[in-house]
Amino acid sequence: MSATSGSSSAPALDAIAQDFVAFAVDVGVLRFGEFKTKAGRLSPYFFNAGLFDDGQKLGRLAQFYAQRLIASGLAFDMIFGPAYKGIALAAAVSMELARLGHNKPFAYNRKEAKDHGEGGTLVGAKVQGRVLIIDDVISAGTSVRESIAMIQAAGATPCGVSIALDRQEKAAENGQDLPWSAVQYVREQLQLPVIAIAGLADLLQYLGSTSSAAVSAHAAAVHAYRDRYGV
């Protein structure tokens with residue numbers, strides 16, 4: 001979600017996004033090199049949200065989600081975190097929103113239904129009202145579609161998706177590039193707003209402004225990747 005100015009000038013810096021990218025690089029969650037994506041592409045960068053693996057890093061991540069959500073103005077009644085990464089994210093963001101005066105219940109799903117105790121696949125608050133789905137990225141939209149189905153089956157209404165990073169690249173199907181990204185698919189085909197803390201455009205701005213020569217050295221490779229696969 002990069003803020004942009006007029007078409008004749010360069011995109012304005014998005015402070016939240018720039019701070020987030022710098023943070024992700026500093027803690028090693030956003031790395032540069034050569035990585036194979038689910039689509040089989042060789043990407044010059046890799047974002048691994050599983051490495052937000054201690055209280056300090058997860059808490060800071062939750063702050064970025066909460067800042068972006070509040071700034072977006074999106075109205076929602078509760079948070080839903082799809083298993084597995086979405087579970088910790090939903091809990092952490094719910095806590096941070098409460099700290100900022102926006103107390104929201106949260107729920108998540110199990111991968112396998114529980115056949116004892118309360119049973120079922122949903123855990124946490126009753127799924128009702130306008131439900132925000134929270135995850136790390138959208139790779140193919142599968143997790144979002146599954147979340148929508150569970151939310152609707154509970155009688156609630158999906159109202160948006162919040163993610164950490166929008167890779168802003170073409171989706172792939174059966175080894176073929178598609179003309180749209182997974183995020184565009186969710187926005188246009190599933191009719192849900194997607195609120196990202198940062199995107200590939202923000203990463204490129206960071207690479208162009210960082211004082212770290214070791215990091216900025218990867219700018220050309222990321223630009224080339226964007227030129228080939230970007231949307």
# chains A, B, ... in the order shown; residues from 1 in each chain; ligands from 1
call {"tool": "residues_around", "arguments": {"residues": "A:Lys104", "least_positions_apart": "5", "cutoff": "10 Å", "atoms": "only C-alpha atoms", "output": "ChimeraX atom specification"}}
result
/A:76-79,93-98,125
call {"tool": "write_last_selection", "arguments": {"atoms": "N, CA and C atoms", "output": "PDB file, in the first residue's frame"}}
result
ATOM      1  N   PHE A  76     -14.102  -3.334  10.947  1.00  0.00           N
ATOM      2  CA  PHE A  76     -14.240  -4.769  11.162  1.00  0.00           C
ATOM      3  C   PHE A  76     -14.572  -5.023  12.625  1.00  0.00           C
ATOM      4  N   ASP A  77     -15.203  -6.162  12.877  1.00  0.00           N
ATOM      5  CA  ASP A  77     -15.657  -6.492  14.229  1.00  0.00           C
ATOM      6  C   ASP A  77     -14.745  -7.477  14.940  1.00  0.00           C
ATOM      7  N   MET A  78     -14.019  -8.289  14.180  1.00  0.00           N
ATOM      8  CA  MET A  78     -13.137  -9.278  14.784  1.00  0.00           C
ATOM      9  C   MET A  78     -12.071  -9.710  13.788  1.00  0.00           C
ATOM     10  N   ILE A  79     -11.103 -10.473  14.290  1.00  0.00           N
ATOM     11  CA  ILE A  79      -9.976 -10.934  13.488  1.00  0.00           C
ATOM     12  C   ILE A  79     -10.008 -12.451  13.390  1.00  0.00           C
ATOM     13  N   VAL A  93      -1.848  -9.228  16.933  1.00  0.00           N
ATOM     14  CA  VAL A  93      -2.457  -7.992  16.434  1.00  0.00           C
ATOM     15  C   VAL A  93      -3.656  -7.598  17.286  1.00  0.00           C
ATOM     16  N   SER A  94      -4.420  -8.584  17.743  1.00  0.00           N
ATOM     17  CA  SER A  94      -5.544  -8.295  18.634  1.00  0.00           C
ATOM     18  C   SER A  94      -5.054  -7.617  19.912  1.00  0.00           C
ATOM     19  N   MET A  95      -3.955  -8.113  20.455  1.00  0.00           N
ATOM     20  CA  MET A  95      -3.381  -7.508  21.665  1.00  0.00           C
ATOM     21  C   MET A  95      -2.916  -6.077  21.410  1.00  0.00           C
ATOM     22  N   GLU A  96      -2.258  -5.855  20.286  1.00  0.00           N
ATOM     23  CA  GLU A  96      -1.755  -4.517  19.981  1.00  0.00           C
ATOM     24  C   GLU A  96      -2.902  -3.540  19.718  1.00  0.00           C
ATOM     25  N   LEU A  97      -3.930  -3.986  19.007  1.00  0.00           N
ATOM     26  CA  LEU A  97      -5.080  -3.114  18.773  1.00  0.00           C
ATOM     27  C   LEU A  97      -5.746  -2.738  20.094  1.00  0.00           C
ATOM     28  N   ALA A  98      -5.855  -3.712  21.014  1.00  0.00           N
ATOM     29  CA  ALA A  98      -6.441  -3.421  22.330  1.00  0.00           C
ATOM     30  C   ALA A  98      -5.610  -2.393  23.069  1.00  0.00           C
ATOM     31  N   ALA A 125     -13.014 -16.630  19.863  1.00  0.00           N
ATOM     32  CA  ALA A 125     -14.287 -15.914  19.928  1.00  0.00           C
ATOM     33  C   ALA A 125     -15.257 -16.447  18.883  1.00  0.00           C
TER      34      ALA A 125
END
call {"tool": "closest_atom_pairs", "arguments": {"of": "stretch 127-171 of chain A", "to": "stretch 47-60 of chain A", "cutoff": "9 Å", "atoms": "only C-alpha atoms", "output": "JSON lines"}}
result
{"residue": "A:Asp136", "atom": "CA", "partner": "A:Ala49", "partner_atom": "CA", "distance": 6.3}
{"residue": "A:Val137", "atom": "CA", "partner": "A:Ala49", "partner_atom": "CA", "distance": 8.6}
{"residue": "A:Ala164", "atom": "CA", "partner": "A:Ala49", "partner_atom": "CA", "distance": 8.4}
{"residue": "A:Leu165", "atom": "CA", "partner": "A:Phe47", "partner_atom": "CA", "distance": 8.0}
call {"tool": "residues_around", "arguments": {"residues": "A:Ala220", "least_positions_apart": "5", "cutoff": "12 Å", "atoms": "only C-alpha atoms", "output": "PDB file with N, CA and C atoms, in the first residue's frame"}}
result
ATOM      1  N   PHE A  32      18.166 -11.478   1.111  1.00  0.00           N
ATOM      2  CA  PHE A  32      18.509 -11.338  -0.300  1.00  0.00           C
ATOM      3  C   PHE A  32      19.468 -12.445  -0.710  1.00  0.00           C
ATOM      4  N   GLY A  33      19.336 -12.857  -1.974  1.00  0.00           N
ATOM      5  CA  GLY A  33      20.166 -13.943  -2.492  1.00  0.00           C
ATOM      6  C   GLY A  33      19.474 -14.581  -3.674  1.00  0.00           C
ATOM      7  N   PRO A  44      15.170 -12.963  -6.050  1.00  0.00           N
ATOM      8  CA  PRO A  44      16.356 -12.388  -5.405  1.00  0.00           C
ATOM      9  C   PRO A  44      16.109 -11.983  -3.953  1.00  0.00           C
ATOM     10  N   TYR A  45      14.892 -12.186  -3.471  1.00  0.00           N
ATOM     11  CA  TYR A  45      14.613 -11.891  -2.068  1.00  0.00           C
ATOM     12  C   TYR A  45      13.610 -12.897  -1.524  1.00  0.00           C
ATOM     13  N   LEU A 204      11.720  -1.723  -3.176  1.00  0.00           N
ATOM     14  CA  LEU A 204      12.612  -1.097  -4.144  1.00  0.00           C
ATOM     15  C   LEU A 204      13.001   0.316  -3.706  1.00  0.00           C
ATOM     16  N   LEU A 207      15.661  -0.108  -1.065  1.00  0.00           N
ATOM     17  CA  LEU A 207      16.946  -0.480  -1.643  1.00  0.00           C
ATOM     18  C   LEU A 207      17.642   0.714  -2.288  1.00  0.00           C
ATOM     19  N   GLY A 208      16.836   1.657  -2.765  1.00  0.00           N
ATOM     20  CA  GLY A 208      17.408   2.835  -3.402  1.00  0.00           C
ATOM     21  C   GLY A 208      17.839   3.913  -2.431  1.00  0.00           C
ATOM     22  N   VAL A 215      23.318  -4.159   1.257  1.00  0.00           N
ATOM     23  CA  VAL A 215      21.900  -4.339   0.948  1.00  0.00           C
ATOM     24  C   VAL A 215      21.556  -3.714  -0.403  1.00  0.00           C
ATOM     25  N   TYR A 225      13.809  -8.602 -11.432  1.00  0.00           N
ATOM     26  CA  TYR A 225      12.736  -9.547 -11.090  1.00  0.00           C
ATOM     27  C   TYR A 225      11.377  -8.868 -11.252  1.00  0.00           C
ATOM     28  N   ARG A 226      11.293  -7.622 -10.772  1.00  0.00           N
ATOM     29  CA  ARG A 226      10.045  -6.872 -10.892  1.00  0.00           C
ATOM     30  C   ARG A 226       9.686  -6.658 -12.383  1.00  0.00           C
ATOM     31  N   ASP A 227      10.697  -6.319 -13.191  1.00  0.00           N
ATOM     32  CA  ASP A 227      10.455  -6.088 -14.611  1.00  0.00           C
ATOM     33  C   ASP A 227       9.931  -7.345 -15.301  1.00  0.00           C
TER      34      ASP A 227
END
call {"tool": "residues_around", "arguments": {"residues": "stretch 200-202 of chain A", "least_positions_apart": "6", "cutoff": "8 Å", "atoms": "only C-alpha atoms", "output": "list of chain:residue names"}}
result
A:Ser2, A:Leu13, A:Asp14, A:Ala17, A:Gln18, A:Val21, A:Leu165, A:Asp166, A:Arg167, A:Gln168, A:Arg226
call {"tool": "write_last_selection", "arguments": {"atoms": "all heavy atoms", "output": "compact mmCIF listing (two decimals), in the first residue's frame"}}
result
# COMPACT_ATOMS: atom_id res chain seq x y z
N SER A 2 1.48 1.52 -1.08
CA SER A 2 2.35 2.68 -1.15
C SER A 2 1.54 3.91 -1.48
O SER A 2 0.71 3.88 -2.39
CB SER A 2 3.41 2.48 -2.22
OG SER A 2 4.19 1.36 -1.94
N LEU A 13 7.27 8.53 -0.34
CA LEU A 13 7.67 7.50 0.61
C LEU A 13 6.54 7.22 1.58
O LEU A 13 5.91 8.14 2.10
CB LEU A 13 8.92 7.93 1.37
CG LEU A 13 10.26 7.87 0.63
CD1 LEU A 13 11.37 8.37 1.53
CD2 LEU A 13 10.55 6.45 0.17
N ASP A 14 6.27 5.97 1.82
CA ASP A 14 5.29 5.52 2.80
C ASP A 14 6.09 5.20 4.06
O ASP A 14 6.83 4.21 4.10
CB ASP A 14 4.57 4.29 2.25
CG ASP A 14 3.54 3.72 3.18
OD1 ASP A 14 3.72 3.79 4.42
OD2 ASP A 14 2.53 3.18 2.68
N ALA A 17 5.62 1.72 5.66
CA ALA A 17 6.21 0.68 4.82
C ALA A 17 7.73 0.69 4.90
O ALA A 17 8.37 -0.37 5.01
CB ALA A 17 5.75 0.84 3.38
N GLN A 18 8.33 1.88 4.83
CA GLN A 18 9.79 1.97 4.87
C GLN A 18 10.33 1.48 6.21
O GLN A 18 11.33 0.77 6.27
CB GLN A 18 10.23 3.39 4.59
CG GLN A 18 9.99 3.84 3.15
CD GLN A 18 10.68 2.96 2.13
OE1 GLN A 18 11.90 2.80 2.15
NE2 GLN A 18 9.90 2.35 1.24
N VAL A 21 10.02 -2.41 6.21
CA VAL A 21 11.03 -3.09 5.39
C VAL A 21 12.39 -3.05 6.09
O VAL A 21 13.09 -4.07 6.16
CB VAL A 21 11.12 -2.45 3.99
CG1 VAL A 21 12.31 -3.03 3.22
CG2 VAL A 21 9.84 -2.68 3.21
N LEU A 165 3.36 -8.46 3.59
CA LEU A 165 4.07 -8.08 2.37
C LEU A 165 3.30 -8.50 1.12
O LEU A 165 2.90 -9.66 0.99
CB LEU A 165 5.46 -8.72 2.33
CG LEU A 165 6.33 -8.34 1.14
CD1 LEU A 165 6.77 -6.88 1.25
CD2 LEU A 165 7.55 -9.25 1.01
N ASP A 166 3.10 -7.56 0.22
CA ASP A 166 2.51 -7.83 -1.09
C ASP A 166 3.67 -7.91 -2.08
O ASP A 166 4.32 -6.89 -2.36
CB ASP A 166 1.54 -6.71 -1.46
CG ASP A 166 0.92 -6.89 -2.85
OD1 ASP A 166 1.21 -7.91 -3.50
OD2 ASP A 166 0.16 -6.00 -3.26
N ARG A 167 3.93 -9.10 -2.61
CA ARG A 167 5.06 -9.27 -3.53
C ARG A 167 4.80 -8.61 -4.88
O ARG A 167 5.71 -8.43 -5.67
CB ARG A 167 5.37 -10.76 -3.73
CG ARG A 167 6.04 -11.40 -2.50
CD ARG A 167 6.39 -12.87 -2.78
NE ARG A 167 7.32 -13.01 -3.89
CZ ARG A 167 8.64 -13.15 -3.78
NH1 ARG A 167 9.19 -13.15 -2.57
NH2 ARG A 167 9.42 -13.28 -4.83
N GLN A 168 3.54 -8.25 -5.16
CA GLN A 168 3.19 -7.52 -6.38
C GLN A 168 3.76 -8.19 -7.63
O GLN A 168 4.34 -7.53 -8.50
CB GLN A 168 3.67 -6.06 -6.28
CG GLN A 168 2.98 -5.27 -5.17
CD GLN A 168 3.47 -3.84 -5.05
OE1 GLN A 168 4.65 -3.60 -4.80
NE2 GLN A 168 2.58 -2.88 -5.23
N ARG A 226 11.29 -7.62 -10.77
CA ARG A 226 10.04 -6.87 -10.89
C ARG A 226 9.69 -6.66 -12.38
O ARG A 226 8.54 -6.77 -12.79
CB ARG A 226 10.18 -5.54 -10.17
CG ARG A 226 8.85 -4.77 -9.96
CD ARG A 226 8.51 -3.82 -11.09
NE ARG A 226 9.59 -2.92 -11.41
CZ ARG A 226 9.76 -1.73 -10.83
NH1 ARG A 226 8.94 -1.32 -9.89
NH2 ARG A 226 10.77 -0.94 -11.21
call {"tool": "select_by_dssp", "arguments": {"residues": "stretch 96-228 of chain A", "states": "helix (DSSP H, G or I)", "output": "PyMOL selection string"}}
result
chain A and resi 96-99+142-153+182-188+200-209+213-216+219-228
call {"tool": "residues_around", "arguments": {"residues": "A:Val131", "least_positions_apart": "4", "cutoff": "10 Å", "atoms": "only C-alpha atoms", "output": "compact mmCIF listing (two decimals) with N, CA, C and O atoms, in the first residue's frame"}}
result
# COMPACT_ATOMS: atom_id res chain seq x y z
N ALA A 75 -13.45 -0.91 8.55
CA ALA A 75 -14.31 -1.27 9.69
C ALA A 75 -14.43 -2.79 9.78
O ALA A 75 -14.75 -3.46 8.80
N PHE A 76 -14.10 -3.33 10.95
CA PHE A 76 -14.24 -4.77 11.16
C PHE A 76 -14.57 -5.02 12.62
O PHE A 76 -14.29 -4.20 13.50
N ASP A 77 -15.20 -6.16 12.88
CA ASP A 77 -15.66 -6.49 14.23
C ASP A 77 -14.74 -7.48 14.94
O ASP A 77 -14.71 -7.51 16.16
N MET A 78 -14.02 -8.29 14.18
CA MET A 78 -13.14 -9.28 14.78
C MET A 78 -12.07 -9.71 13.79
O MET A 78 -12.13 -9.35 12.60
N ILE A 79 -11.10 -10.47 14.29
CA ILE A 79 -9.98 -10.93 13.49
C ILE A 79 -10.01 -12.45 13.39
O ILE A 79 -10.30 -13.14 14.36
N PHE A 80 -9.67 -12.96 12.19
CA PHE A 80 -9.58 -14.41 11.99
C PHE A 80 -8.20 -14.74 11.46
O PHE A 80 -7.74 -14.17 10.46
N PRO A 105 -12.14 -9.04 19.33
CA PRO A 105 -11.98 -10.48 19.57
C PRO A 105 -11.29 -11.13 18.38
O PRO A 105 -11.23 -10.56 17.29
N PHE A 106 -10.76 -12.34 18.61
CA PHE A 106 -10.13 -13.06 17.50
C PHE A 106 -10.46 -14.55 17.58
O PHE A 106 -10.80 -15.08 18.64
N ALA A 107 -10.34 -15.19 16.45
CA ALA A 107 -10.56 -16.63 16.35
C ALA A 107 -9.60 -17.19 15.31
O ALA A 107 -8.99 -16.45 14.54
N VAL A 127 -17.33 -16.54 15.78
CA VAL A 127 -17.12 -15.88 14.50
C VAL A 127 -18.42 -15.24 14.06
O VAL A 127 -19.39 -15.93 13.72
N ILE A 148 -12.57 -17.67 3.87
CA ILE A 148 -13.88 -17.14 3.50
C ILE A 148 -14.96 -18.18 3.71
O ILE A 148 -16.03 -17.90 4.27
N ILE A 151 -15.63 -18.69 7.45
CA ILE A 151 -16.29 -17.51 8.02
C ILE A 151 -17.76 -17.47 7.60
O ILE A 151 -18.66 -17.24 8.42
N GLN A 152 -18.01 -17.71 6.33
CA GLN A 152 -19.38 -17.69 5.84
C GLN A 152 -20.20 -18.84 6.41
O GLN A 152 -21.39 -18.68 6.72
N ALA A 156 -20.94 -15.42 9.36
CA ALA A 156 -20.32 -14.10 9.43
C ALA A 156 -19.93 -13.63 8.02
O ALA A 156 -20.09 -14.34 7.04
N THR A 157 -19.40 -12.41 7.95
CA THR A 157 -19.08 -11.78 6.67
C THR A 157 -17.60 -11.41 6.58
O THR A 157 -17.13 -10.56 7.35
N PRO A 158 -16.84 -12.01 5.66
CA PRO A 158 -15.45 -11.58 5.47
C PRO A 158 -15.46 -10.14 4.97
O PRO A 158 -16.24 -9.79 4.08
N CYS A 159 -14.59 -9.28 5.54
CA CYS A 159 -14.63 -7.88 5.13
C CYS A 159 -13.29 -7.36 4.63
O CYS A 159 -13.19 -6.22 4.20
N GLY A 160 -12.25 -8.18 4.68
CA GLY A 160 -10.95 -7.74 4.21
C GLY A 160 -9.85 -8.70 4.61
O GLY A 160 -10.08 -9.63 5.40
N VAL A 161 -8.68 -8.48 4.06
CA VAL A 161 -7.50 -9.30 4.37
C VAL A 161 -6.35 -8.36 4.68
O VAL A 161 -6.13 -7.38 3.97
call {"tool": "select_by_dssp", "arguments": {"residues": "stretch 146-177 of chain A", "states": "strand (DSSP E)", "output": "ChimeraX atom specification"}}
result
/A:157-166,170-173,176-177
call {"tool": "closest_residue", "arguments": {"among": "A:Ala149, A:Arg41, A:Ala219, A:Ile163", "to": "A:Leu69", "atoms": "only C-alpha atoms"}}
result
A:Ile163
call {"tool": "atom_distance", "arguments": {"atom1": "atom CA of A:Phe20", "atom2": "atom CA of A:Phe64"}}
result
6.9 Å
call {"tool": "residues_around", "arguments": {"residues": "A:Gly141", "least_positions_apart": "2", "cutoff": "8 Å", "atoms": "only C-alpha atoms", "output": "list in words"}}
result
Ile138, Ser139, Ser143, Val144, Arg145, Ala182, Val183, Tyr185 and Val186 of chain A
call {"tool": "write_last_selection", "arguments": {"atoms": "N, CA and C atoms", "output": "PDB file, in the first residue's frame"}}
result
ATOM      1  N   ILE A 138      -0.041 -13.419   0.620  1.00  0.00           N
ATOM      2  CA  ILE A 138      -1.004 -14.159  -0.194  1.00  0.00           C
ATOM      3  C   ILE A 138      -0.226 -14.720  -1.374  1.00  0.00           C
ATOM      4  N   SER A 139      -0.041 -16.035  -1.394  1.00  0.00           N
ATOM      5  CA  SER A 139       0.748 -16.658  -2.456  1.00  0.00           C
ATOM      6  C   SER A 139      -0.117 -17.075  -3.642  1.00  0.00           C
ATOM      7  N   SER A 143      -5.494 -19.951   0.927  1.00  0.00           N
ATOM      8  CA  SER A 143      -5.796 -19.748   2.334  1.00  0.00           C
ATOM      9  C   SER A 143      -6.944 -18.771   2.516  1.00  0.00           C
ATOM     10  N   VAL A 144      -6.981 -17.731   1.681  1.00  0.00           N
ATOM     11  CA  VAL A 144      -8.059 -16.744   1.769  1.00  0.00           C
ATOM     12  C   VAL A 144      -9.396 -17.379   1.417  1.00  0.00           C
ATOM     13  N   ARG A 145      -9.422 -18.156   0.337  1.00  0.00           N
ATOM     14  CA  ARG A 145     -10.676 -18.815  -0.061  1.00  0.00           C
ATOM     15  C   ARG A 145     -11.168 -19.771   1.023  1.00  0.00           C
ATOM     16  N   ALA A 182      -1.790 -12.576  -6.967  1.00  0.00           N
ATOM     17  CA  ALA A 182      -2.710 -13.218  -6.030  1.00  0.00           C
ATOM     18  C   ALA A 182      -3.506 -12.170  -5.257  1.00  0.00           C
ATOM     19  N   VAL A 183      -2.857 -11.057  -4.916  1.00  0.00           N
ATOM     20  CA  VAL A 183      -3.553  -9.984  -4.208  1.00  0.00           C
ATOM     21  C   VAL A 183      -4.617  -9.352  -5.105  1.00  0.00           C
ATOM     22  N   TYR A 185      -6.188 -10.837  -7.450  1.00  0.00           N
ATOM     23  CA  TYR A 185      -7.267 -11.831  -7.533  1.00  0.00           C
ATOM     24  C   TYR A 185      -8.216 -11.684  -6.350  1.00  0.00           C
ATOM     25  N   VAL A 186      -7.658 -11.551  -5.153  1.00  0.00           N
ATOM     26  CA  VAL A 186      -8.494 -11.420  -3.960  1.00  0.00           C
ATOM     27  C   VAL A 186      -9.315 -10.134  -4.026  1.00  0.00           C
TER      28      VAL A 186
END
call {"tool": "closest_residue", "arguments": {"among": "A:Arg99, A:Ala217, A:Gln128, A:Ser147", "to": "A:Ala83", "atoms": "only C-alpha atoms"}}
result
A:Ser147
call {"tool": "atom_distance", "arguments": {"atom1": "atom CA of A:Ala198", "atom2": "atom CA of A:Phe35"}}
result
19.9 Å
call {"tool": "atom_distance", "arguments": {"atom1": "atom CA of A:Pro193", "atom2": "atom CA of A:Ser209"}}
result
29.4 Å
call {"tool": "closest_residue", "arguments": {"among": "A:Gly129, A:Lys170, A:Ala214, A:Gly175", "to": "A:Gly155", "atoms": "only C-alpha atoms"}}
result
A:Gly129
call {"tool": "closest_residue", "arguments": {"among": "A:Asn109, A:Gln184, A:Ser162, A:Thr37", "to": "A:Ile197", "atoms": "only C-alpha atoms"}}
result
A:Ser162
call {"tool": "closest_residue", "arguments": {"among": "A:Leu61, A:Ala66, A:Lys126, A:Tyr108", "to": "A:Tyr84", "atoms": "only C-alpha atoms"}}
result
A:Tyr108
call {"tool": "decode", "arguments": {"residues": "stretch 61-72 of chain A", "atoms": "N, CA and C atoms", "output": "compact mmCIF listing (two decimals), in the first residue's frame"}}
result
# COMPACT_ATOMS: atom_id res chain seq x y z
N LEU A 61 6.11 -6.50 14.93
CA LEU A 61 5.32 -6.81 13.74
C LEU A 61 3.86 -6.44 13.97
N ALA A 62 3.32 -6.80 15.13
CA ALA A 62 1.93 -6.49 15.45
C ALA A 62 1.68 -4.99 15.43
N GLN A 63 2.69 -4.21 15.86
CA GLN A 63 2.54 -2.76 15.82
C GLN A 63 2.36 -2.27 14.39
N PHE A 64 3.12 -2.84 13.46
CA PHE A 64 2.99 -2.43 12.06
C PHE A 64 1.61 -2.80 11.50
N TYR A 65 1.16 -4.01 11.78
CA TYR A 65 -0.19 -4.39 11.33
C TYR A 65 -1.23 -3.43 11.88
N ALA A 66 -1.16 -3.16 13.18
CA ALA A 66 -2.16 -2.31 13.83
C ALA A 66 -2.12 -0.89 13.25
N GLN A 67 -0.92 -0.35 13.08
CA GLN A 67 -0.79 0.99 12.49
C GLN A 67 -1.45 1.04 11.12
N ARG A 68 -1.15 0.05 10.31
CA ARG A 68 -1.69 0.04 8.94
C ARG A 68 -3.21 -0.12 8.95
N LEU A 69 -3.71 -0.98 9.80
CA LEU A 69 -5.16 -1.20 9.86
C LEU A 69 -5.89 0.06 10.32
N ILE A 70 -5.38 0.70 11.35
CA ILE A 70 -6.01 1.92 11.85
C ILE A 70 -5.96 3.02 10.79
N ALA A 71 -4.83 3.15 10.12
CA ALA A 71 -4.69 4.16 9.08
C ALA A 71 -5.62 3.90 7.90
N SER A 72 -5.91 2.62 7.63
CA SER A 72 -6.76 2.27 6.48
C SER A 72 -8.21 2.69 6.67
